[in-house]
$ cat start-v4.txt   # compact mmCIF, C-alpha atoms
# COMPACT_ATOMS: atom_id res chain seq x y z
CA MET A 1 102.52 105.33 71.10
CA SER A 2 99.91 104.58 73.73
CA LYS A 3 96.20 105.24 74.19
CA ALA A 4 94.51 107.82 76.39
CA VAL A 5 91.08 109.42 76.86
CA ARG A 6 90.77 112.98 75.56
CA PHE A 7 88.05 115.57 75.00
CA LYS A 8 88.46 118.72 72.90
CA GLU A 9 85.55 120.73 74.28
CA TYR A 10 83.08 120.73 77.14
CA GLY A 11 80.04 118.57 76.58
CA GLY A 12 78.28 115.28 77.10
CA ILE A 13 79.58 111.74 76.90
CA ASP A 14 80.01 111.95 73.13
CA VAL A 15 82.95 114.38 73.43
CA LEU A 16 85.05 111.58 74.96
CA GLU A 17 87.53 109.92 72.63
CA VAL A 18 90.28 107.33 72.97
CA VAL A 19 93.27 108.56 70.95
CA ASP A 20 96.88 107.64 70.29
CA VAL A 21 99.35 109.77 72.23
CA GLU A 22 103.09 109.76 72.74
CA ARG A 23 104.11 107.55 75.63
CA PRO A 24 104.93 109.96 78.50
CA VAL A 25 108.53 110.37 79.65
CA PRO A 26 109.07 110.83 83.40
CA GLY A 27 110.81 113.97 84.61
CA ASP A 28 112.40 114.77 87.95
CA GLY A 29 110.49 113.18 90.81
CA GLN A 30 108.12 111.35 88.47
CA VAL A 31 107.27 107.71 87.90
CA LEU A 32 105.75 106.32 84.71
CA VAL A 33 103.01 103.82 85.59
CA ARG A 34 101.44 101.30 83.22
CA VAL A 35 97.81 101.56 84.34
CA ARG A 36 96.04 98.34 85.27
CA ALA A 37 92.94 99.96 86.80
CA ALA A 38 91.54 103.49 87.04
CA ALA A 39 88.13 104.36 88.48
CA ILE A 40 85.74 106.92 87.03
CA ASN A 41 84.04 109.46 89.30
CA PRO A 42 81.06 111.85 89.22
CA GLY A 43 83.32 114.89 89.59
CA GLU A 44 84.88 114.06 86.23
CA VAL A 45 81.44 114.34 84.65
CA HIS A 46 81.00 117.84 86.05
CA ILE A 47 84.46 118.89 84.85
CA ARG A 48 83.82 117.50 81.36
CA GLU A 49 80.49 119.32 81.16
CA GLY A 50 82.13 122.61 82.15
CA LEU A 51 80.14 122.92 85.36
CA LEU A 52 83.33 123.33 87.41
CA HIS A 53 85.12 125.65 84.99
CA HIS A 54 85.21 128.39 87.63
CA LEU A 55 87.14 126.09 89.96
CA TRP A 56 89.12 123.79 87.66
CA PRO A 57 89.14 125.06 84.05
CA ALA A 58 90.15 122.56 81.39
CA THR A 59 92.94 123.12 78.89
CA PHE A 60 92.03 121.45 75.61
CA PRO A 61 92.55 118.79 74.50
CA SER A 62 92.02 117.59 78.06
CA GLY A 63 92.66 114.22 79.62
CA GLU A 64 90.81 112.97 82.65
CA GLY A 65 91.07 110.71 85.64
CA SER A 66 92.83 110.77 89.02
CA ASP A 67 92.69 107.24 90.50
CA LEU A 68 95.14 104.59 89.38
CA ALA A 69 96.77 101.29 90.15
CA GLY A 70 99.46 99.79 87.97
CA VAL A 71 103.04 98.75 87.44
CA VAL A 72 106.07 101.04 87.44
CA ALA A 73 107.35 101.22 83.84
CA ALA A 74 110.08 103.86 84.12
CA LEU A 75 111.66 106.29 86.58
CA GLY A 76 112.55 109.95 86.31
CA PRO A 77 116.13 111.21 86.01
CA ASP A 78 116.49 111.96 89.72
CA ALA A 79 116.98 108.23 90.23
CA GLU A 80 120.73 108.84 89.97
CA LEU A 81 122.69 106.95 92.58
CA VAL A 82 124.40 109.26 95.04
CA GLY A 83 128.16 108.90 94.54
CA ALA A 84 127.77 106.62 91.52
CA ALA A 85 129.71 106.98 88.31
CA PRO A 86 128.27 109.51 85.84
CA GLY A 87 125.28 108.11 84.02
CA LYS A 88 124.81 105.28 86.52
CA ARG A 89 121.19 104.95 87.57
CA SER A 90 119.46 103.40 90.52
CA THR A 91 116.48 101.10 89.97
CA ALA A 92 114.41 103.09 92.44
CA VAL A 93 113.04 106.58 93.05
CA SER A 94 112.58 106.98 96.79
CA GLY A 95 111.74 103.32 97.27
CA PHE A 96 110.12 102.58 93.90
CA ALA A 97 111.60 100.35 91.23
CA VAL A 98 110.67 99.32 87.70
CA GLY A 99 108.21 96.45 87.98
CA ASP A 100 106.77 97.53 91.36
CA GLU A 101 103.01 97.29 91.72
CA VAL A 102 101.59 100.59 92.97
CA ILE A 103 98.45 102.48 93.93
CA GLY A 104 98.26 106.23 93.60
CA TYR A 105 96.82 109.31 92.01
CA THR A 106 97.58 112.13 89.63
CA ASP A 107 96.44 115.75 89.89
CA ASN A 108 96.88 116.22 86.12
CA ARG A 109 93.68 114.59 84.79
CA ALA A 110 95.56 111.79 83.13
CA SER A 111 94.90 108.35 84.63
CA HIS A 112 92.32 107.24 82.04
CA ALA A 113 95.15 106.04 79.84
CA GLU A 114 97.50 103.14 79.28
CA TYR A 115 100.41 105.07 80.79
CA VAL A 116 100.42 107.96 83.27
CA LEU A 117 103.09 110.10 84.91
CA VAL A 118 102.76 110.22 88.70
CA GLU A 119 104.63 112.29 91.26
CA ARG A 120 106.52 109.85 93.46
CA GLU A 121 104.93 111.24 96.64
CA ASN A 122 101.50 110.27 95.27
CA LEU A 123 102.27 106.55 95.17
CA ILE A 124 102.26 103.65 97.60
CA HIS A 125 103.15 100.01 97.05
CA ARG A 126 100.12 97.82 96.34
CA PRO A 127 99.51 95.21 99.04
CA ALA A 128 98.95 91.81 97.44
CA ALA A 129 95.58 91.54 99.20
CA VAL A 130 94.25 94.66 97.43
CA PRO A 131 92.85 93.64 94.00
CA TRP A 132 93.72 95.80 90.99
CA PRO A 133 90.19 97.24 90.54
CA VAL A 134 90.00 98.11 94.24
CA GLY A 135 93.43 99.75 94.25
CA GLY A 136 92.47 101.73 91.18
CA SER A 137 89.31 102.95 92.93
CA LEU A 138 90.79 103.99 96.23
CA TYR A 139 91.89 107.59 95.78
CA VAL A 140 88.91 109.84 95.04
CA ALA A 141 86.20 107.81 96.78
CA GLY A 142 88.39 106.54 99.61
CA THR A 143 90.05 109.79 100.61
CA THR A 144 86.73 111.64 100.27
CA ALA A 145 84.98 109.16 102.55
CA TRP A 146 87.90 109.33 105.01
CA ALA A 147 87.60 113.13 105.17
CA THR A 148 83.81 113.17 105.56
CA VAL A 149 83.85 110.81 108.54
CA ARG A 150 86.42 112.99 110.27
CA ALA A 151 84.58 116.19 109.36
CA VAL A 152 81.47 115.07 111.27
CA ALA A 153 83.56 113.63 114.12
CA ALA A 154 81.81 110.25 113.97
CA GLY A 155 82.48 108.20 117.09
CA THR A 156 81.21 105.80 119.68
CA GLY A 157 77.63 106.52 120.71
CA ASP A 158 76.84 108.59 117.62
CA THR A 159 74.13 107.88 115.08
CA VAL A 160 75.33 108.94 111.62
CA VAL A 161 73.24 109.08 108.45
CA VAL A 162 74.92 108.71 105.04
CA SER A 163 73.06 109.62 101.85
CA GLY A 164 74.03 107.84 98.66
CA ALA A 165 75.22 105.02 100.90
CA ALA A 166 75.55 102.53 98.05
CA GLY A 167 77.70 104.80 95.88
CA GLY A 168 81.46 104.90 95.55
CA VAL A 169 82.00 107.32 98.43
CA GLY A 170 79.02 106.16 100.45
CA THR A 171 79.98 102.48 100.61
CA ILE A 172 83.36 103.43 102.09
CA ALA A 173 82.02 106.18 104.37
CA VAL A 174 79.48 103.90 106.05
CA GLN A 175 82.21 101.38 106.85
CA LEU A 176 84.66 103.98 108.16
CA ALA A 177 81.95 105.47 110.36
CA ARG A 178 81.21 101.99 111.71
CA LEU A 179 84.91 101.44 112.39
CA ALA A 180 84.88 104.73 114.33
CA GLY A 181 82.23 103.24 116.60
CA ALA A 182 79.10 104.92 115.27
CA THR A 183 75.68 103.47 114.53
CA VAL A 184 75.20 104.12 110.80
CA ILE A 185 72.00 104.59 108.81
CA GLY A 186 72.52 104.30 105.06
CA LEU A 187 70.10 105.82 102.54
CA ALA A 188 69.93 103.71 99.39
CA SER A 189 67.54 101.97 97.04
CA GLU A 190 66.17 98.64 98.22
CA PRO A 191 68.30 96.43 95.92
CA HIS A 192 71.36 97.60 97.88
CA HIS A 193 69.93 97.09 101.37
CA GLU A 194 71.28 93.58 101.68
CA TRP A 195 74.85 94.78 101.11
CA LEU A 196 74.43 97.54 103.68
CA SER A 197 72.94 95.20 106.28
CA GLY A 198 75.80 92.78 105.68
CA HIS A 199 78.23 95.54 106.59
CA GLY A 200 76.53 96.49 109.83
CA VAL A 201 74.61 99.44 108.40
CA ILE A 202 70.89 100.10 108.98
CA PRO A 203 69.42 100.52 105.47
CA VAL A 204 66.68 103.06 104.84
CA ALA A 205 65.00 103.72 101.49
CA TYR A 206 65.19 107.29 100.20
CA GLY A 207 62.21 109.19 98.80
CA ALA A 208 58.97 110.51 100.25
CA GLY A 209 58.74 110.02 104.01
CA VAL A 210 62.47 109.46 104.46
CA ALA A 211 62.69 111.75 107.50
CA ASP A 212 60.18 109.62 109.40
CA ARG A 213 61.96 106.41 108.37
CA ILE A 214 65.27 107.80 109.59
CA ARG A 215 63.78 108.83 112.94
CA GLU A 216 62.29 105.37 113.38
CA ALA A 217 65.59 103.67 112.46
CA ALA A 218 67.56 105.96 114.76
CA GLY A 219 65.27 105.34 117.72
CA GLY A 220 66.16 108.78 118.98
CA ARG A 221 68.42 111.60 117.86
CA VAL A 222 70.61 111.78 114.75
CA ASP A 223 74.04 113.17 115.64
CA ALA A 224 75.75 113.59 112.27
CA PHE A 225 74.98 113.51 108.56
CA ILE A 226 77.25 112.79 105.58
CA ASP A 227 75.74 113.82 102.24
CA THR A 228 77.29 112.23 99.15
CA PHE A 229 74.32 112.77 96.85
CA GLY A 230 72.99 116.35 97.09
CA GLN A 231 69.44 117.28 96.10
CA GLY A 232 68.12 118.43 99.46
CA TYR A 233 69.94 116.24 101.96
CA VAL A 234 71.57 119.17 103.75
CA GLU A 235 68.11 120.54 104.51
CA LEU A 236 66.97 117.07 105.58
CA ALA A 237 69.86 116.86 108.03
CA LEU A 238 68.89 120.19 109.55
CA GLU A 239 65.25 119.07 109.74
CA LEU A 240 66.45 116.03 111.71
CA GLY A 241 68.09 118.35 114.22
CA VAL A 242 71.71 117.77 113.26
CA ARG A 243 74.01 120.70 114.12
CA PRO A 244 75.58 122.39 111.06
CA ASP A 245 79.10 121.63 112.32
CA ARG A 246 78.27 117.90 112.16
CA ILE A 247 76.91 117.96 108.61
CA ASP A 248 79.27 117.43 105.69
CA THR A 249 78.29 117.48 102.02
CA VAL A 250 80.47 116.64 99.04
CA ALA A 251 77.61 117.13 96.59
CA ASP A 252 75.85 120.43 97.37
CA ARG A 253 78.16 123.41 97.88
CA GLU A 254 75.31 125.89 97.40
CA ALA A 255 73.37 124.40 100.31
CA ALA A 256 76.55 124.30 102.37
CA ALA A 257 77.10 128.00 101.79
CA ARG A 258 73.49 128.83 102.69
CA HIS A 259 73.47 126.85 105.90
CA GLY A 260 77.08 126.97 107.06
CA VAL A 261 77.75 123.24 106.91
CA LYS A 262 81.04 121.57 106.03
CA THR A 263 82.28 120.56 102.58
CA ASP A 264 85.33 118.47 103.51
CA GLY A 265 86.15 115.87 100.89
CA ASN A 266 88.91 114.69 98.61
CA MET A 267 91.06 117.81 99.00
CA GLU A 268 91.15 117.35 102.77
CA GLY A 269 91.94 113.64 102.55
CA ALA A 270 94.31 113.56 99.59
CA SER A 271 97.64 112.00 100.52
CA ALA A 272 99.63 108.84 100.10
CA GLU A 273 99.34 108.39 103.87
CA THR A 274 95.54 108.22 103.63
CA LEU A 275 95.82 105.74 100.75
CA ALA A 276 98.16 103.58 102.81
CA GLU A 277 95.75 103.65 105.76
CA LEU A 278 92.82 102.60 103.57
CA ALA A 279 94.85 99.90 101.80
CA GLY A 280 95.89 98.58 105.21
CA LEU A 281 92.24 98.28 106.26
CA ILE A 282 91.46 96.36 103.07
CA GLU A 283 94.45 94.10 103.64
CA LYS A 284 93.19 93.30 107.15
CA GLY A 285 89.68 92.57 105.87
CA ALA A 286 88.23 95.56 107.74
CA LEU A 287 87.17 97.51 104.62
CA ASP A 288 85.36 96.31 101.50
CA VAL A 289 85.32 98.36 98.28
CA PRO A 290 82.59 96.92 96.03
CA ILE A 291 83.28 97.01 92.29
CA ALA A 292 80.12 97.32 90.22
CA ARG A 293 81.62 96.78 86.78
CA GLU A 294 84.87 96.91 84.80
CA TYR A 295 85.29 98.31 81.28
CA PRO A 296 88.14 98.34 78.77
CA LEU A 297 89.42 101.80 77.89
CA ASP A 298 87.77 101.87 74.48
CA GLU A 299 84.35 101.55 76.17
CA ILE A 300 84.84 104.82 78.05
CA ARG A 301 81.53 106.26 76.88
CA GLU A 302 79.53 103.25 78.04
CA ALA A 303 81.32 103.34 81.38
CA TYR A 304 80.17 106.93 81.93
CA ARG A 305 76.63 106.15 80.80
CA ASP A 306 76.63 103.49 83.49
CA LEU A 307 77.96 105.94 86.09
CA GLU A 308 75.49 108.68 85.22
CA ARG A 309 72.53 106.38 85.87
CA ARG A 310 73.57 106.62 89.55
CA HIS A 311 72.26 103.17 90.46
CA THR A 312 75.43 101.11 90.81
CA LEU A 313 76.75 99.59 94.03
CA GLY A 314 80.28 100.85 94.54
CA LYS A 315 82.79 101.73 91.85
CA ILE A 316 82.99 101.54 88.06
CA VAL A 317 86.53 100.87 86.86
CA LEU A 318 88.46 101.16 83.61
CA ARG A 319 91.03 98.49 82.80
CA PRO A 320 93.26 100.26 80.23
CA THR A 321 95.82 97.48 79.80
CA GLY A 322 93.57 94.47 79.95
CA LEU A 323 90.83 92.82 81.97
CA GLU A 324 93.00 89.91 83.14

$ encode --input "start-v4.txt" --output "structure tokens"
Amino acid sequence: MSKAVRFKEYGGIDVLEVVDVERPVPGDGQVLVRVRAAAINPGEVHIREGLLHHLWPATFPSGEGSDLAGVVAALGPDAELVGAAPGKRSTAVSGFAVGDEVIGYTDNRASHAEYVLVERENLIHRPAAVPWPVGGSLYVAGTTAWATVRAVAAGTGDTVVVSGAAGGVGTIAVQLARLAGATVIGLASEPHHEWLSGHGVIPVAYGAGVADRIREAAGGRVDAFIDTFGQGYVELALELGVRPDRIDTVADREAAARHGVKTDGNMEGASAETLAELAGLIEKGALDVPIAREYPLDEIREAYRDLERRHTLGKIVLRPTGLE
């Protein structure tokens, strides 16, 4: 038996439970991973509350979680050696072997668990320079940020504003936009301004008067806007004169539909190739993924209470098989 997060109905944090489940058995093309780190994300809150039922309905009892980093524990039956004697198995599935350290993702809402089945094409090897909590935080936030920067075509000479710049997606997006050559203005609360400044981002406090503060910080026009927070930032971008085709929101689909702006995010960035690119940047020291806090699996409810306060810098991570 192993442990996994489950919920039996839509609702608040209290519907989350950590229960005993059968240890999964990998099928064709699958790898069983012993999870060392798995981030939690705002989208999981919306799914659990039933707010995204029209897009991604849950089947109960439902698991949750997409991000993961861990160690290969077992391989599916298609690991048979070509030309080998019957029953002879390879130690690898397309380059993976038992004991390999990996980063990846699952589309089956299952990574908040001690063990998770992962399709082999959704895994990469973990570079030694990528810490477990960072590797386990890279998929949803990293691929979303990657897609948003490309959606607004951030480049040399541009001034790009990022809302929610201290959040999981925002902290990565501001750095990727900087790497693309843009001047970046990050909207965040003042306690996080030092981190933003240290990463070459111009920090601006959100709240009343933010449009004027952005104009002053920009010293001219704003070319693109990445919204990771919602709550009126699409309209703010338009007020600042940003063209709709250079506005991307991952937090306000209703505003996007009204104003014809982009909604590129995780679905557009999701791939092992994107993960490998991001991991390579971390390995080179060109990308920093801040980890706000780590929680053991049995503190899943407290982890989500922390997330839903929306005041952390970077990612909140579960450590299902230990905090070592």

$ atom_distance --input "start-v4.txt" --atom1 "atom CA of Glu101 of chain A" --atom2 "atom CA of Glu283 of chain A"
15.0 Å

$ closest_residue --input "start-v4.txt" --among "A:Lys8, A:Gly104, A:Pro24, A:Glu235" --to "Gly50 of chain A" --atoms "all atoms listed in the file"
A:Lys8

$ atom_distance --input "start-v4.txt" --atom1 "atom CA of Asp245 of chain A" --atom2 "atom CA of Lys262 of chain A"
6.6 Å

$ residues_around --input "start-v4.txt" --residues "segment 313-318 of chain A" --least-positions-apart "3" --cutoff "9 Å" --atoms "all atoms listed in the file" --output "PyMOL selection string"
chain A and resi 36-41+112+133-134+136-137+141+165-172+192+195+289-297+299-300+303-304+306-307+310+323

$ closest_residue --input "start-v4.txt" --among "A:Leu236, A:Ala270, A:Val162, A:Leu275" --to "Val204 of chain A" --atoms "all atoms listed in the file"
A:Val162

$ atom_distance --input "start-v4.txt" --atom1 "atom CA of Ala237 of chain A" --atom2 "atom CA of Asp288 of chain A"
26.6 Å

$ closest_residue --input "start-v4.txt" --among "A:Asp252, A:Val201, A:Thr148, A:Ser189" --to "Asp264 of chain A" --atoms "all atoms listed in the file"
A:Thr148

$ closest_residue --input "start-v4.txt" --among "A:Gly209, A:Gly181, A:Gly164, A:Gly269" --to "Tyr233 of chain A" --atoms "all atoms listed in the file"
A:Gly164

$ residues_around --input "start-v4.txt" --residues "Arg109 of chain A" --least-positions-apart "2" --cutoff "9 Å" --atoms "all atoms listed in the file" --output "ChimeraX atom specification"
/A:44,62-66,106-107,111-112

$ closest_residue --input "start-v4.txt" --among "A:Leu51, A:Ala128, A:Ala4, A:Ala279" --to "Pro320 of chain A" --atoms "only C-alpha atoms"
A:Ala4

$ closest_residue --input "start-v4.txt" --among "A:Met267, A:Leu240, A:Arg23, A:Arg301" --to "Gly220 of chain A" --atoms "only C-alpha atoms"
A:Leu240

$ residues_around --input "start-v4.txt" --residues "Arg253 of chain A" --least-positions-apart "5" --cutoff "10 Å" --atoms "only C-alpha atoms" --output "PDB file with C-alpha atoms, in the frame of the given file"
ATOM      1  CA  GLY A 230      72.990 116.350  97.090  1.00  0.00           C
ATOM      2  CA  VAL A 234      71.570 119.170 103.750  1.00  0.00           C
ATOM      3  CA  ASP A 248      79.270 117.430 105.690  1.00  0.00           C
ATOM      4  CA  ARG A 258      73.490 128.830 102.690  1.00  0.00           C
ATOM      5  CA  HIS A 259      73.470 126.850 105.900  1.00  0.00           C
ATOM      6  CA  GLY A 260      77.080 126.970 107.060  1.00  0.00           C
ATOM      7  CA  VAL A 261      77.750 123.240 106.910  1.00  0.00           C
ATOM      8  CA  LYS A 262      81.040 121.570 106.030  1.00  0.00           C
ATOM      9  CA  THR A 263      82.280 120.560 102.580  1.00  0.00           C
TER      10      THR A 263
END

$ residues_around --input "start-v4.txt" --residues "Val116 of chain A" --least-positions-apart "6" --cutoff "8 Å" --atoms "all atoms listed in the file" --output "PDB file with C-alpha atoms, keeping the file's coordinate frame"
ATOM      1  CA  PRO A  24     104.930 109.960  78.500  1.00  0.00           C
ATOM      2  CA  LEU A  32     105.750 106.320  84.710  1.00  0.00           C
ATOM      3  CA  VAL A  33     103.010 103.820  85.590  1.00  0.00           C
ATOM      4  CA  ARG A  34     101.440 101.300  83.220  1.00  0.00           C
ATOM      5  CA  VAL A  35      97.810 101.560  84.340  1.00  0.00           C
ATOM      6  CA  ALA A 110      95.560 111.790  83.130  1.00  0.00           C
TER       7      ALA A 110
END

$ residues_around --input "start-v4.txt" --residues "Gly280 of chain A" --least-positions-apart "3" --cutoff "12 Å" --atoms "all atoms listed in the file" --output "list in words"
Ile124, His125, Arg126, Pro127, Ala128, Ala129, Val130, Gly135, Leu138, Glu273, Thr274, Leu275, Ala276, Glu277, Glu283, Lys284, Gly285, Ala286, Leu287 and Asp288 of chain A
